[in-house]
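Working notes for the structure below.
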Amino acid sequence: MTDVVTTGLLLDGLIALLLAGLAFRLLRTRDLFEAIMLFVAYGLTLALAWIRVGAPDIALAEAALGAGVTGALFLNAWHRLAVRAGSDDRLPMEADP
Amino acid sequence: MTAFLVGVAFFLVANLAGGLVRVIRGPTQADRVIAAQLFGTTGVAILLVLSVAADSRPLMDTALIFALLAVVMTVVFVKRGWVRAPGTPTAPEDA
Amino acid sequence: MTLELVVDGLTVLFLLTGCFFFLAGTVGLLRFPDVYCRLHALTKADSLGLGFVVAGVALQLRSWHEVLLLGILWFLVLSAAATICYLVASEALAQGVDPVGSGASQGQSGTEEAP
């Protein structure tokens, strides 16, 4: 029994660390495409966290809306910005880190 | 048995974190697009193992959503996300 | 009683095998030299690992309905992996990412320089 609790705590800790690391990197990066991909990854990891908390319905909504639809919309916006900036895969607002 | 299952889930989340290192470092956009498919396989496996550990049926439906999402996201990435390098024919701007 | 023991043992065996393939996929994803090799590691090894995990999980279920759902899920992931691999690889090729060992040097390089 206590074995289950310990492993569960380890799992929760790893998911929390992953979330914090993803959020940090997502806010720090200068590459918009990478930021969008990390946003999707963050949303899906957050869905895993909701599962661990015992809320599968919120996890469903987070995965479908938070990661899926929002990620697709971000990508669409990024595509339009990149096309407007010329056929270059870097946006004018980006700078090398 | 439950402790073993949660342990397997822990191992799979660690694998997921390792794959995300590639998403962060990956030099080309193709390496970053991989993130969606990574969650489509490893994330589904995590959810399935957890659904047995917690004996909860809705987790399996969440796994189904993850699998569906991976396809949709990747197709959106390929069709709308990428801007080709100069010199190659560009995709049509708007659908 | 003893049947339960056998089923549990099989589940453990399947899950451990699945974990091995997931580990192989992750190592490949981190260590392989270019995009196409990494796609191969991700879509093949991980799909096989997911197959073993599905088999292990299916042994623990009580109704055929859920087993059928798992089977459909694995088939969906398999076909998705094949489609995704083809789409991403062909688009990367169209973008000018060179496969490793092709000798060509124009366009962006898909390989990662050693740190």
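Chain labels follow the order of the structure tokens: the first chain is A, the next B, and so on; residue numbering restarts at 1 in every chain, and ligands are counted from 1 in their shown order.
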I need the contact residues of chain C against chain B, so if you could list those with any atom within 7 Å, counting only C-alpha atoms, and return them as an mmCIF file with N, CA and C atoms, in the first residue's frame, that would help.
data_model
loop_
_atom_site.group_PDB
_atom_site.id
_atom_site.type_symbol
_atom_site.label_atom_id
_atom_site.label_comp_id
_atom_site.auth_asym_id
_atom_site.auth_seq_id
_atom_site.Cartn_x
_atom_site.Cartn_y
_atom_site.Cartn_z
ATOM 1 N N LEU C 23 11.896 2.487 -24.438
ATOM 2 C CA LEU C 23 13.245 2.973 -24.130
ATOM 3 C C LEU C 23 14.089 3.015 -25.399
ATOM 4 N N THR C 26 13.107 6.014 -27.423
ATOM 5 C CA THR C 26 13.604 7.277 -26.881
ATOM 6 C C THR C 26 15.102 7.436 -27.137
ATOM 7 N N LEU C 29 15.542 8.313 -30.651
ATOM 8 C CA LEU C 29 15.129 9.699 -30.889
ATOM 9 C C LEU C 29 16.221 10.680 -30.467
ATOM 10 N N LEU C 30 16.941 10.333 -29.414
ATOM 11 C CA LEU C 30 17.972 11.250 -28.920
ATOM 12 C C LEU C 30 19.297 11.070 -29.637
ATOM 13 N N VAL C 35 16.834 13.563 -39.237
ATOM 14 C CA VAL C 35 15.388 13.570 -39.029
ATOM 15 C C VAL C 35 14.751 12.249 -39.426
ATOM 16 N N ASP C 46 8.202 2.868 -31.039
ATOM 17 C CA ASP C 46 7.178 3.264 -30.085
ATOM 18 C C ASP C 46 5.834 2.602 -30.388
ATOM 19 N N SER C 47 5.519 2.419 -31.676
ATOM 20 C CA SER C 47 4.255 1.750 -32.006
ATOM 21 C C SER C 47 4.264 0.304 -31.529
ATOM 22 N N LEU C 50 3.847 0.309 -27.835
ATOM 23 C CA LEU C 50 2.437 0.537 -27.502
ATOM 24 C C LEU C 50 1.631 -0.739 -27.714
ATOM 25 N N VAL C 53 2.134 -2.833 -24.679
ATOM 26 C CA VAL C 53 1.408 -2.257 -23.541
ATOM 27 C C VAL C 53 -0.088 -2.537 -23.679
ATOM 28 N N VAL C 57 -2.312 -4.558 -21.011
ATOM 29 C CA VAL C 57 -3.478 -3.921 -20.393
ATOM 30 C C VAL C 57 -4.755 -4.714 -20.698
ATOM 31 N N LEU C 73 -8.014 1.197 -30.875
ATOM 32 C CA LEU C 73 -7.061 2.254 -30.520
ATOM 33 C C LEU C 73 -5.686 1.951 -31.103
ATOM 34 N N VAL C 77 -3.553 4.060 -33.901
ATOM 35 C CA VAL C 77 -2.206 4.598 -33.684
ATOM 36 C C VAL C 77 -1.245 4.080 -34.743
ATOM 37 N N ALA C 80 -1.940 5.908 -37.931
ATOM 38 C CA ALA C 80 -1.521 7.294 -37.744
ATOM 39 C C ALA C 80 -0.010 7.414 -37.836
ATOM 40 N N ILE C 84 1.812 9.751 -40.520
ATOM 41 C CA ILE C 84 2.598 10.877 -40.019
ATOM 42 C C ILE C 84 4.041 10.772 -40.504
ATOM 43 N N LEU C 87 4.170 11.778 -44.177
ATOM 44 C CA LEU C 87 3.926 13.213 -44.386
ATOM 45 C C LEU C 87 5.123 14.045 -43.948
ATOM 46 N N VAL C 88 5.603 13.800 -42.723
ATOM 47 C CA VAL C 88 6.697 14.622 -42.198
ATOM 48 C C VAL C 88 7.963 14.413 -43.008
ATOM 49 N N ALA C 92 9.825 17.249 -45.118
ATOM 50 C CA ALA C 92 11.204 17.618 -44.772
ATOM 51 C C ALA C 92 12.100 17.526 -45.994
ATOM 52 N N GLN C 95 11.567 20.430 -48.132
ATOM 53 C CA GLN C 95 12.160 21.639 -47.571
ATOM 54 C C GLN C 95 13.669 21.679 -47.762
ATOM 55 N N GLY C 110 20.124 18.380 -41.770
ATOM 56 C CA GLY C 110 19.269 17.774 -40.752
ATOM 57 C C GLY C 110 20.063 17.194 -39.607
ATOM 58 N N GLU C 112 22.846 17.054 -36.510
ATOM 59 C CA GLU C 112 23.149 17.927 -35.390
ATOM 60 C C GLU C 112 24.634 17.804 -35.090
#
For the atom pair atom CA of C:Leu42 and atom CA of A:Arg25, what is the interatomic distance in Å to one decimal place?
22.8 Å
Near-A:Tyr42 list (7 Å; only C-alpha atoms; drop same-chain fewer than 4 positions) as an MDAnalysis selection string:
chainID A and resid 19 22 38 46
Emit the selected residues as a short mmCIF file (atom, residue, chain, number, x, y, z; two decimals), in the first residue's frame, including N, CA, C and O atoms.
data_model
loop_
_atom_site.label_atom_id
_atom_site.label_comp_id
_atom_site.auth_asym_id
_atom_site.auth_seq_id
_atom_site.Cartn_x
_atom_site.Cartn_y
_atom_site.Cartn_z
N LEU A 19 6.17 19.78 -16.18
CA LEU A 19 5.32 20.94 -16.46
C LEU A 19 6.09 22.24 -16.23
O LEU A 19 6.07 23.15 -17.07
N LEU A 22 8.77 22.66 -18.95
CA LEU A 22 8.17 23.03 -20.24
C LEU A 22 7.72 24.48 -20.22
O LEU A 22 7.95 25.23 -21.18
N LEU A 38 5.89 23.53 -27.97
CA LEU A 38 5.99 23.31 -26.53
C LEU A 38 4.67 23.61 -25.85
O LEU A 38 4.33 22.99 -24.85
N LEU A 46 -0.35 18.67 -19.13
CA LEU A 46 -1.32 19.15 -18.15
C LEU A 46 -2.52 18.21 -18.09
O LEU A 46 -3.07 17.96 -17.00
#
Looking only at the backbone, which of the residues in chain A does DSSP tag as alpha helix (DSSP H), as a PyMOL selection string?
chain A and resi 2-28+32-53+56-61+70-84
Which value, in Å to one decimal, gives the distance between atom CA of C:Tyr36 and atom CA of A:Gly71?
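Computed distance, atom CA of C:Tyr36 to atom CA of A:Gly71, equals 24.4 Å.
Shortest atom-to-atom contact with chain B among A:Leu60, A:Gly66, A:Leu73, A:Leu81: A:Leu60, counting only C-alpha atoms.
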Quick one: residues within 7 Å of A:Leu44, only C-alpha atoms, excluding same-chain residues fewer than 4 positions away - as a ChimeraX atom specification?
/A:40,48,63,67
Go ahead and save the picked residues with C-alpha atoms, as an mmCIF file, in the first residue's frame.
data_model
loop_
_atom_site.group_PDB
_atom_site.id
_atom_site.type_symbol
_atom_site.label_atom_id
_atom_site.label_comp_id
_atom_site.auth_asym_id
_atom_site.auth_seq_id
_atom_site.Cartn_x
_atom_site.Cartn_y
_atom_site.Cartn_z
ATOM 1 C CA VAL A 40 0.928 21.718 -27.326
ATOM 2 C CA LEU A 48 -1.847 13.907 -17.667
ATOM 3 C CA ALA A 63 -6.400 17.747 -24.448
ATOM 4 C CA ALA A 67 -3.793 21.538 -26.751
#
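Here atom CA of C:Gly18 is placed at a distance of 7.3 Å from atom CA of C:Leu48.
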Extract, using only C-alpha atoms, all DNA, RNA and protein residues at most 8 Å from stretch 58-68 of chain C, discarding same-chain residues fewer than 4 positions from it, and format them as a VMD selection string.
(chain B and resid 52) or (chain C and resid 7 to 8 11 54 72)
Just want the 8 Å neighbourhood of A:Phe33, counted on only C-alpha atoms, with same-chain residues fewer than 3 positions away dropped. Output as a list in words.
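Skipping anything fewer than 3 positions along the chain leaves Ile36, Met37, Leu75 and Trp78 of chain A; Gln29 of chain B.
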